[in-house]
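Here is upload-v3.csv, consisting of CSV, C-alpha atoms:
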chain,number,residue,atom,x,y,z
A,142,MET,CA,57.8,5.7,75.6
A,143,SER,CA,58.0,5.4,79.4
A,144,ALA,CA,58.5,2.1,81.1
A,145,ASP,CA,56.8,1.0,84.3
A,146,PRO,CA,58.0,2.7,87.5
A,147,LEU,CA,61.2,1.3,88.9
A,148,THR,CA,60.9,-1.5,91.5
A,149,ILE,CA,63.4,-0.9,94.3
A,150,ASP,CA,64.4,-2.9,97.3
A,151,ILE,CA,65.5,-0.1,99.7
A,152,HIS,CA,67.0,-2.3,102.5
A,153,CYS,CA,69.9,-4.6,101.6
A,154,HIS,CA,73.2,-5.2,103.4
A,155,PHE,CA,76.7,-6.1,102.2
A,156,SER,CA,79.1,-6.5,105.1
A,157,LEU,CA,82.3,-8.4,106.0
A,158,THR,CA,83.9,-9.1,109.4
A,159,GLN,CA,87.5,-7.9,108.8
A,160,ARG,CA,87.9,-6.3,105.3
A,161,ARG,CA,90.8,-3.9,105.3
A,162,TRP,CA,90.8,-0.8,103.0
A,163,ALA,CA,92.2,-1.7,99.6
A,164,GLU,CA,91.5,1.7,97.9
A,165,ALA,CA,91.1,5.2,99.2
A,166,SER,CA,87.7,6.3,100.3
A,167,PRO,CA,86.2,9.4,98.6
A,168,PHE,CA,85.2,10.7,102.0
A,169,ALA,CA,87.8,12.7,103.9
A,170,TYR,CA,87.0,11.5,107.4
A,171,GLU,CA,87.3,7.9,106.3
A,172,ARG,CA,90.6,8.5,104.4
A,173,GLU,CA,92.1,9.9,107.5
A,174,SER,CA,90.5,7.6,110.0
A,175,CYS,CA,92.9,5.4,112.1
A,176,ARG,CA,90.5,2.4,111.6
A,177,PRO,CA,92.2,-0.2,109.4
A,178,TYR,CA,88.9,-1.8,108.3
A,179,ALA,CA,86.4,-0.8,105.7
A,180,SER,CA,84.0,-3.3,107.1
A,181,TYR,CA,84.2,-5.1,110.4
A,182,ALA,CA,82.3,-7.0,113.1
A,183,SER,CA,83.5,-6.8,116.7
A,184,LYS,CA,84.7,-9.9,118.6
A,185,ARG,CA,81.7,-9.5,120.9
A,186,GLN,CA,79.4,-9.5,117.9
A,187,MET,CA,80.9,-12.7,116.5
A,188,LYS,CA,80.3,-14.4,119.8
A,189,ARG,CA,76.6,-13.5,120.0
A,190,LEU,CA,74.2,-16.4,119.7
A,191,LEU,CA,72.5,-14.9,116.6
A,192,SER,CA,75.8,-14.6,114.9
A,193,ARG,CA,76.7,-18.2,115.7
A,194,MET,CA,73.4,-19.4,114.4
A,195,ALA,CA,73.7,-17.4,111.2
A,196,ARG,CA,77.1,-18.9,110.5
A,197,LEU,CA,75.7,-22.4,111.1
A,198,TYR,CA,72.7,-21.7,108.9
A,199,PHE,CA,74.6,-20.1,106.0
A,200,PHE,CA,77.5,-22.5,105.9
A,201,GLY,CA,76.0,-25.9,106.4
A,202,GLY,CA,77.0,-26.4,110.0
A,203,ARG,CA,80.6,-25.2,109.8
A,204,ASN,CA,81.5,-22.7,112.4
A,205,ILE,CA,84.1,-20.9,110.3
A,206,SER,CA,85.8,-17.5,111.1
A,207,GLY,CA,88.4,-15.1,109.8
A,208,ASP,CA,89.4,-14.9,106.2
A,209,GLU,CA,87.6,-18.1,105.3
A,210,LEU,CA,84.3,-16.7,106.8
A,211,ASP,CA,84.7,-13.4,104.8
A,212,ALA,CA,85.5,-15.2,101.6
A,213,ARG,CA,82.5,-17.5,101.9
A,214,PHE,CA,80.2,-14.7,103.1
A,215,GLU,CA,81.2,-12.4,100.2
A,216,GLU,CA,80.6,-15.2,97.7
A,217,LEU,CA,77.1,-15.9,99.2
A,218,GLN,CA,76.1,-12.3,99.2
A,219,MET,CA,77.3,-11.5,95.7
A,220,ARG,CA,75.7,-14.7,94.3
A,221,HIS,CA,72.3,-13.2,95.2
A,222,LEU,CA,73.2,-9.6,94.5
A,223,ALA,CA,74.4,-10.5,91.0
A,224,THR,CA,71.4,-12.5,89.9
A,225,PHE,CA,68.2,-10.8,91.2
A,226,ARG,CA,65.9,-10.1,88.2
A,227,ARG,CA,62.5,-9.2,89.7
A,228,VAL,CA,63.5,-5.9,91.1
A,229,ASP,CA,65.3,-3.1,89.2
A,230,ARG,CA,67.7,-1.8,91.9
A,231,VAL,CA,68.6,-2.5,95.5
A,232,VAL,CA,69.9,0.0,98.0
A,233,LEU,CA,73.1,-1.2,99.7
A,234,LEU,CA,73.5,0.3,103.1
A,235,ALA,CA,76.6,1.6,104.9
A,236,PHE,CA,76.5,1.5,108.7
A,237,ASP,CA,78.4,4.2,110.6
A,238,GLU,CA,80.2,3.7,113.9
A,239,VAL,CA,78.7,4.2,117.4
A,240,HIS,CA,79.4,7.7,118.8
A,241,ASP,CA,79.4,8.8,122.4
A,242,ASP,CA,77.5,11.9,123.5
A,243,ALA,CA,80.6,14.1,123.0
A,244,GLY,CA,80.8,13.1,119.3
A,245,TYR,CA,83.7,10.7,119.4
A,246,ALA,CA,83.6,7.5,117.3
A,247,CYS,CA,83.8,4.3,119.2
A,248,GLY,CA,85.6,1.3,117.5
A,249,PRO,CA,85.2,-2.4,118.0
A,250,VAL,CA,86.6,-2.3,121.5
A,251,ASP,CA,85.1,-0.6,124.5
A,252,GLY,CA,85.2,3.2,124.3
A,253,PRO,CA,83.9,5.9,126.7
A,254,GLY,CA,81.2,4.5,128.9
A,255,GLY,CA,81.6,1.1,127.5
A,256,LEU,CA,80.3,2.1,124.0
A,257,ARG,CA,81.5,-0.2,121.2
A,258,THR,CA,80.7,-0.5,117.5
A,259,ASP,CA,79.7,-4.1,116.8
A,260,MET,CA,79.3,-3.7,113.1
A,261,TYR,CA,80.8,-1.1,110.7
A,262,VAL,CA,80.4,-0.7,107.0
A,263,ALA,CA,82.2,2.4,105.6
A,264,ASN,CA,80.5,4.7,103.1
A,265,GLY,CA,83.5,4.4,100.9
A,266,PHE,CA,83.3,0.6,100.9
A,267,VAL,CA,79.6,0.6,99.8
A,268,HIS,CA,80.1,3.5,97.4
A,269,ALA,CA,82.9,1.7,95.5
A,270,LEU,CA,80.7,-1.4,95.2
A,271,CYS,CA,77.8,0.7,93.9
A,272,ARG,CA,80.0,2.4,91.3
A,273,ARG,CA,81.2,-0.9,90.0
A,274,HIS,CA,77.6,-2.2,89.6
A,275,SER,CA,75.6,1.0,89.0
A,276,ASP,CA,73.1,-1.0,86.9
A,277,ARG,CA,72.0,-2.9,90.0
A,278,PHE,CA,73.0,-1.0,93.2
A,279,LEU,CA,72.1,2.3,94.8
A,280,PHE,CA,74.3,3.9,97.5
A,281,GLY,CA,72.7,4.0,100.9
A,282,ALA,CA,75.0,6.1,103.1
A,283,SER,CA,75.3,6.3,106.9
A,284,VAL,CA,76.5,9.4,108.8
A,285,HIS,CA,76.1,9.7,112.5
A,286,PRO,CA,74.6,13.1,113.4
A,287,TYR,CA,77.2,13.6,116.2
A,288,ARG,CA,80.1,12.8,113.9
A,289,ARG,CA,82.7,15.6,113.4
A,290,HIS,CA,86.0,15.8,111.5
A,291,ASN,CA,88.5,18.6,111.2
A,292,GLY,CA,86.1,21.3,112.2
A,293,LYS,CA,83.3,19.9,110.1
A,294,ASP,CA,80.1,18.7,111.6
A,295,ALA,CA,77.8,15.9,110.4
A,296,VAL,CA,75.8,18.4,108.4
A,297,ALA,CA,78.8,19.1,106.2
A,298,LEU,CA,79.7,15.4,105.9
A,299,LEU,CA,76.1,14.8,104.8
A,300,GLY,CA,76.8,17.1,101.9
A,301,GLU,CA,79.8,14.9,100.9
A,302,VAL,CA,77.8,11.7,100.6
A,303,ALA,CA,74.9,13.5,98.9
A,304,GLU,CA,77.4,14.8,96.2
A,305,ALA,CA,78.6,11.2,95.8
A,306,GLY,CA,75.2,10.0,94.9
A,307,ALA,CA,73.7,8.7,98.2
A,308,VAL,CA,70.0,8.0,97.8
A,309,LEU,CA,69.2,7.8,101.6
A,310,ILE,CA,70.8,7.9,105.1
A,311,LYS,CA,70.6,4.9,107.4
A,312,TRP,CA,70.5,5.1,111.2
A,313,LEU,CA,69.8,2.6,114.0
A,314,PRO,CA,69.4,5.0,117.0
A,315,PRO,CA,69.4,2.5,119.9
A,316,VAL,CA,72.6,1.0,118.6
A,317,HIS,CA,74.3,4.1,117.2
A,318,ASN,CA,73.3,6.2,120.3
A,319,ILE,CA,71.3,8.8,118.5
A,320,ASP,CA,68.8,11.0,120.4
A,321,ALA,CA,66.2,12.4,118.0
A,322,GLY,CA,65.8,15.5,120.1
A,323,ASP,CA,69.5,16.4,120.2
A,324,PRO,CA,70.2,19.7,118.5
A,325,ARG,CA,72.8,18.0,116.3
A,326,THR,CA,70.2,15.5,115.1
A,327,VAL,CA,67.6,18.2,114.5
A,328,ALA,CA,70.1,20.2,112.4
A,329,PHE,CA,71.0,17.1,110.4
A,330,LEU,CA,67.3,16.3,109.7
A,331,ARG,CA,66.7,19.9,108.7
A,332,ARG,CA,69.6,19.6,106.1
A,333,CYS,CA,68.2,16.3,104.9
A,334,ALA,CA,65.0,18.1,104.1
A,335,GLU,CA,66.9,20.8,102.2
A,336,LEU,CA,68.8,18.1,100.2
A,337,ARG,CA,65.7,16.0,99.7
A,338,MET,CA,67.6,13.2,101.4
A,339,PRO,CA,65.4,10.6,103.0
A,340,LEU,CA,66.3,8.9,106.3
A,341,LEU,CA,65.9,5.1,106.8
A,342,VAL,CA,65.7,4.7,110.6
A,343,HIS,CA,65.2,1.7,112.8
A,344,TYR,CA,63.0,2.0,115.9
A,345,GLY,CA,61.8,-0.7,118.3
A,346,PRO,CA,64.0,-3.2,120.2
A,347,GLU,CA,67.2,-4.4,118.7
A,348,TYR,CA,68.6,-7.9,119.3
A,349,THR,CA,71.2,-8.4,116.6
A,350,LEU,CA,73.6,-5.7,117.7
A,351,GLY,CA,74.6,-4.3,121.1
A,352,THR,CA,72.1,-1.6,122.3
A,353,HIS,CA,73.7,1.6,123.7
A,354,ASN,CA,70.7,3.8,124.2
A,355,ARG,CA,67.5,1.9,125.0
A,356,LYS,CA,65.4,5.1,125.2
A,357,ALA,CA,66.3,5.8,121.5
A,358,ALA,CA,64.3,2.6,120.5
A,359,ASP,CA,61.1,4.6,121.2
A,360,PRO,CA,60.0,6.6,118.1
A,361,ALA,CA,58.0,9.1,120.3
A,362,VAL,CA,61.0,11.6,120.5
A,363,MET,CA,61.5,11.4,116.7
A,364,PHE,CA,57.8,12.1,116.3
A,365,ASP,CA,58.2,15.2,118.4
A,366,THR,CA,61.1,16.4,116.4
A,367,LEU,CA,59.3,15.8,113.1
A,368,ARG,CA,56.3,17.6,114.4
A,369,ARG,CA,58.4,20.7,115.1
A,370,LEU,CA,60.2,20.5,111.7
A,371,ARG,CA,56.9,20.0,109.9
A,372,ARG,CA,55.6,23.2,111.4
A,373,GLU,CA,58.7,25.0,110.1
A,374,GLY,CA,58.2,23.4,106.6
A,375,ALA,CA,61.5,21.5,107.1
A,376,MET,CA,60.5,17.9,107.7
A,377,PRO,CA,62.5,15.4,105.7
A,378,THR,CA,61.2,12.1,104.3
A,379,VAL,CA,61.6,9.5,107.0
A,380,ILE,CA,61.1,5.7,106.4
A,381,VAL,CA,60.9,3.6,109.6
A,382,ALA,CA,62.6,0.2,109.1
A,383,HIS,CA,60.6,-3.0,109.7
A,384,LEU,CA,57.5,-1.0,110.7
A,385,ALA,CA,59.2,-0.8,114.2
A,386,THR,CA,58.3,-4.4,114.9
A,387,PRO,CA,60.1,-6.6,117.4
A,388,VAL,CA,60.9,-10.2,116.9
A,389,VAL,CA,58.3,-12.6,118.2
A,390,TRP,CA,59.5,-13.9,121.5
A,391,PRO,CA,56.8,-14.9,124.1
A,392,PHE,CA,56.8,-11.5,125.8
A,393,THR,CA,57.6,-8.8,123.1
A,394,PRO,CA,54.6,-6.5,122.8
A,395,GLY,CA,54.2,-4.5,119.6
A,396,THR,CA,54.1,-1.2,121.4
A,397,HIS,CA,56.3,0.7,119.0
A,398,PHE,CA,54.6,-0.9,116.0
A,399,ARG,CA,51.2,0.4,117.3
A,400,GLN,CA,52.7,3.8,117.9
A,401,LEU,CA,54.0,4.0,114.3
A,402,VAL,CA,50.8,2.7,112.7
A,403,ALA,CA,48.8,5.4,114.6
A,404,ALA,CA,51.2,8.1,113.4
A,405,LEU,CA,51.3,6.9,109.8
A,406,THR,CA,47.5,6.7,109.5
A,407,GLY,CA,46.7,9.6,111.8
A,408,GLU,CA,48.7,12.7,112.5
A,409,PHE,CA,51.3,12.1,109.7
A,410,ALA,CA,49.0,10.6,107.2
A,411,ASP,CA,49.6,13.5,104.8
A,412,ALA,CA,53.3,14.0,105.8
A,413,PRO,CA,56.4,12.3,104.4
A,414,LEU,CA,56.6,9.6,107.0
A,415,TYR,CA,56.6,6.0,105.8
A,416,ALA,CA,57.7,2.5,106.8
A,417,ASP,CA,59.5,-0.3,105.1
A,418,ILE,CA,58.4,-3.9,105.2
A,419,SER,CA,61.9,-5.4,105.4
A,420,ALA,CA,62.4,-8.6,107.3
A,421,LEU,CA,58.7,-9.1,107.8
A,422,ALA,CA,58.8,-12.4,105.9
A,423,SER,CA,61.7,-13.7,107.9
A,424,PRO,CA,61.2,-16.4,110.5
A,425,SER,CA,61.2,-14.0,113.5
A,426,LYS,CA,58.6,-11.5,112.1
A,427,THR,CA,56.0,-13.4,110.1
A,428,HIS,CA,53.5,-12.6,112.8
A,429,TRP,CA,53.7,-8.9,112.0
A,430,LEU,CA,53.4,-9.3,108.3
A,431,ARG,CA,50.2,-11.2,108.8
A,432,LYS,CA,48.9,-8.2,110.8
A,433,VAL,CA,50.0,-5.8,108.1
A,434,LEU,CA,48.1,-7.9,105.4
A,435,ASP,CA,44.9,-7.3,107.4
A,436,MET,CA,45.5,-3.5,107.5
A,437,PRO,CA,44.9,-2.3,103.9
A,438,GLY,CA,44.4,1.2,105.3
A,439,LEU,CA,48.1,1.2,106.1
A,440,TRP,CA,49.4,0.1,102.7
A,441,PHE,CA,49.7,3.6,101.2
A,442,LYS,CA,52.5,4.3,103.7
A,443,LEU,CA,54.6,1.1,103.0
A,444,VAL,CA,57.8,0.8,101.0
A,445,HIS,CA,59.4,-2.5,99.9
A,446,GLY,CA,62.6,-3.7,101.5
A,447,SER,CA,64.0,-7.2,102.1
A,448,ASP,CA,66.7,-6.8,104.7
A,449,PHE,CA,68.9,-9.1,102.6
A,450,PRO,CA,70.8,-11.3,103.5
A,451,ILE,CA,68.1,-12.2,106.0
A,452,PRO,CA,66.1,-14.9,104.2
A,453,SER,CA,62.3,-15.1,103.8
A,454,LEU,CA,60.3,-18.0,105.0
A,455,PRO,CA,57.5,-18.8,102.4
A,456,LEU,CA,56.5,-21.9,104.5
A,457,ALA,CA,55.1,-19.6,107.2
A,458,PHE,CA,52.5,-18.3,104.6
A,459,ARG,CA,51.7,-21.5,102.8
A,460,ASP,CA,48.1,-21.2,103.9
A,461,ARG,CA,47.8,-17.8,102.1
A,462,LEU,CA,50.0,-18.4,99.1
A,463,GLY,CA,48.0,-21.1,97.4
A,464,GLY,CA,49.3,-22.1,94.0
A,465,ALA,CA,52.0,-19.5,94.1
A,466,TYR,CA,53.8,-21.3,96.8
A,467,ARG,CA,55.6,-23.8,94.5
A,468,GLU,CA,56.9,-21.1,92.2
A,469,ILE,CA,58.2,-19.1,95.2
A,470,VAL,CA,60.1,-21.9,96.8
A,471,ARG,CA,61.7,-22.7,93.4
A,472,GLU,CA,63.1,-19.2,93.3
A,473,LYS,CA,66.7,-19.5,94.6
A,474,ASN,CA,67.5,-15.8,94.7
A,475,TRP,CA,66.7,-14.5,98.2
A,476,ILE,CA,66.0,-10.9,97.1
A,477,ASP,CA,63.5,-12.1,94.4
A,478,ARG,CA,61.9,-14.6,96.7
A,479,ASP,CA,61.2,-12.0,99.3
A,480,MET,CA,59.4,-9.8,96.8
A,481,LEU,CA,57.5,-12.8,95.4
A,482,VAL,CA,56.2,-13.7,98.8
A,483,LYS,CA,54.9,-10.2,99.6
A,484,ARG,CA,53.4,-9.7,96.1
A,485,ALA,CA,51.6,-13.1,96.3
A,486,LEU,CA,50.2,-12.2,99.7
A,487,GLY,CA,48.3,-9.4,98.1
A,488,LEU,CA,50.4,-6.2,98.7
A,489,PRO,CA,49.7,-3.8,95.9
A,490,ASP,CA,52.2,-2.7,93.2
A,491,GLU,CA,52.6,0.7,94.7
A,492,VAL,CA,54.3,-0.7,97.7
A,493,PHE,CA,57.1,-2.0,95.4
A,494,THR,CA,57.4,1.1,93.3
A,495,ARG,CA,56.9,3.8,95.9
A,496,ALA,CA,60.6,4.1,96.7
A,497,ALA,CA,61.5,5.6,93.3
A,498,ALA,CA,59.5,8.7,94.3
A,499,LEU,CA,61.0,8.9,97.8
A,500,LEU,CA,64.7,8.3,97.3
A,501,ARG,CA,67.2,11.0,96.2
A,502,MET,CA,67.5,9.2,92.9
A,503,PRO,CA,70.5,9.8,90.5
A,504,ASP,CA,70.1,11.8,87.4
A,505,TRP,CA,69.6,8.8,85.1
A,506,SER,CA,66.3,8.1,86.9
A,507,ALA,CA,64.7,11.1,85.3
A,508,ASP,CA,64.6,9.0,82.1
A,509,ARG,CA,62.5,6.0,83.0
A,510,SER,CA,62.9,4.5,79.5
A,511,ALA,CA,63.5,0.8,79.1
A,512,THR,CA,67.2,1.5,78.5
A,513,SER,CA,67.6,2.8,82.0
A,514,ARG,CA,66.5,-0.5,83.5
A,515,PRO,CA,69.0,-3.4,84.2
A,516,SER,CA,69.1,-6.4,82.0
A,517,THR,CA,67.3,-9.3,83.6
A,518,GLY,CA,70.3,-11.5,82.9
A,519,ALA,CA,72.9,-9.1,84.2
A,520,THR,CA,75.6,-10.5,86.3
A,521,ALA,CA,78.0,-8.8,88.7
A,522,ARG,CA,81.7,-9.5,89.4
A,523,PRO,CA,82.4,-10.2,93.0
A,524,CYS,CA,84.0,-7.3,94.9
A,525,ARG,CA,87.7,-8.0,95.3
A,526,ARG,CA,89.2,-5.5,97.8
Let me see whether you can do it: turn the structure in this file into structure tokens.
Amino acid sequence: MSADPLTIDIHCHFSLTQRRWAEASPFAYERESCRPYASYASKRQMKRLLSRMARLYFFGGRNISGDELDARFEELQMRHLATFRRVDRVVLLAFDEVHDDAGYACGPVDGPGGLRTDMYVANGFVHALCRRHSDRFLFGASVHPYRRHNGKDAVALLGEVAEAGAVLIKWLPPVHNIDAGDPRTVAFLRRCAELRMPLLVHYGPEYTLGTHNRKAADPAVMFDTLRRLRREGAMPTVIVAHLATPVVWPFTPGTHFRQLVAALTGEFADAPLYADISALASPSKTHWLRKVLDMPGLWFKLVHGSDFPIPSLPLAFRDRLGGAYREIVREKNWIDRDMLVKRALGLPDEVFTRAAALLRMPDWSADRSATSRPSTGATARPCRR
């Protein structure tokens, strides 16, 4: 007897600021990389105002750093990742390095043209965590389309992560320096379509990490590329993160949000273009979630994501949550709380189950029996690397 469709949170992060490799990556270019870290944040990133504010928020006013910060942050992340029970799986996302136009990876210090990677989470690091907790996590890979290694281009490296069980590819073009019209990007997208590998891609302005290609924040070039690939019958599934919304500062118009909504409900209404609702219940984006709630004609294109460990803010929706508010604020798990907020606000079940049909799911997902679902009381051992 089949169970209900899987509920999946497609947008979760697990990262550390200076975690060295403790075991070999299954991916050749990472095994042979001179980078000593499997996950890192640059010194510039650690000095950013938002990073300082996050440390103060997460750790009770203590501005900690180094090994102590990583130990505390790992414990905090795994506390929530080990105890969610209202979703069946979460996708943990890797995050590739910034690349220059010539295809060279840029580390945490200034590279060619001042390019620098402010945050890196290796595929091998995330893959190992997902293998240890396969009843809870799905592997979200990140391969820059300009990357190359020992004569192999990014298309070949995409095949490696696909064979290792990746369910999607994550890009942040204005940060990563990815031009959607570059021939290397187009070739990568064409191969994604062949492999049925979806792309989770961020458009709109970015304030958390350093921006290296401001033009790449505009989804219009990606729409042009997808238009061409669609005519060729080679368009992959593309999911735009956060509905291309900016944070709500006094002068941040929703230009890219409006562009995306027009594409989703117009030209690409019958094409595999979607958007996730990650971070829309967080303090800086509640304005946009309210807009989405009043646009039921858009809901058929939405996919659930939380952007964990970014917390939701139920208080911002107290006027709409009614009696559900008390239950929601009692929920201590941030992944579960985010889903409860969005369900209680009236988004339909399909938003929370749509991902199972879009992701490149592992073989076990073909059997949607109750035995394939995680125990609601399952716990996970913290990752010790």
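Omitting A:Val362 and its sequence neighbours fewer than 4 positions away, and counting all atoms listed in the file, the residues within 10 Å are Asp320, Ala321, Gly322, Asp323, Lys356, Ala357, Ala358, Thr366, Leu367 and Arg368 of chain A.
Minimum atom-to-atom distance to A:Ile319, evaluated using all atoms listed in the file, belongs to A:Met363 out of A:Met363, A:Ala465, A:Leu234, A:Leu299.
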Completion exercise
Shortest contact to A:Arg227, candidates A:Ala497, A:Ile149, A:Met338, A:Val402, atoms counted only C-alpha atoms, goes to A:Ile149
Handout entry: Distance of atom CA of A:Glu472 from atom CA of A:Arg213, expressed in Å to one decimal place
Key = 21.3 Å
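Distances from A:Arg355, A:Arg337, A:Arg461, A:Arg484 to A:Ala498 were compared using all atoms listed in the file, and the smallest one belongs to A:Arg337.
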Exercise for the section: Using all atoms listed in the file, find all polymer residues with an atom at most 7 Å away from the point (68.2, 3.8, 114.5); report them as a ChimeraX atom specification. Expected result: /A:312-317,342-344
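Here atom CA of A:Val327 stands at a distance of 16.4 Å from atom CA of A:His240.
If you measure from each of A:Ser166, A:Thr326, A:Ser453, A:Arg273 to A:Asp242 using only C-alpha atoms, the closest one turns out to be A:Thr326.
Atom CA of A:Leu481 to atom CA of A:Pro450 spans 15.6 Å [interatomic distance, one decimal].
Remark: for A:Thr349, the closest of the candidate residues A:Ala334, A:Leu222, A:Ala282, A:Val388 is A:Val388 (distances computed over only C-alpha atoms).
Comparing the minimum interatomic distances between A:Glu301 and each of A:Leu430, A:Val267, A:Ala169, A:Cys247, counting all atoms listed in the file, we find that A:Ala169 sits nearest.
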Practice task
Would you list the residues near (67.8, -12.4, 98.6), meaning any protein, DNA or RNA residue with an atom at most 9 Å from that point in file coordinates, counting all atoms listed in the file, as an MDAnalysis selection string?
Solution key: chainID A and resid 153 218 221:222 225 447:453 473:480
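The list of residues with at least one atom within 7 Å of A:Leu454, based on only C-alpha atoms and without residues fewer than 3 positions apart in the same chain, reads Ala422, Ser423, Pro424 and Ala457 of chain A.
Every protein or nucleic acid residue with an atom no more than 9 Å from stretch 487-496 of chain A, counting all atoms listed in the file and leaving out same-chain residues fewer than 6 positions away, appears here: Pro146, Leu147, Thr148, Ile149, Asp150, Ile151, Val228, Leu434, Pro437, Trp440, Phe441, Lys442, Leu443, Val444, His445, Gly446 and Met480 of chain A.
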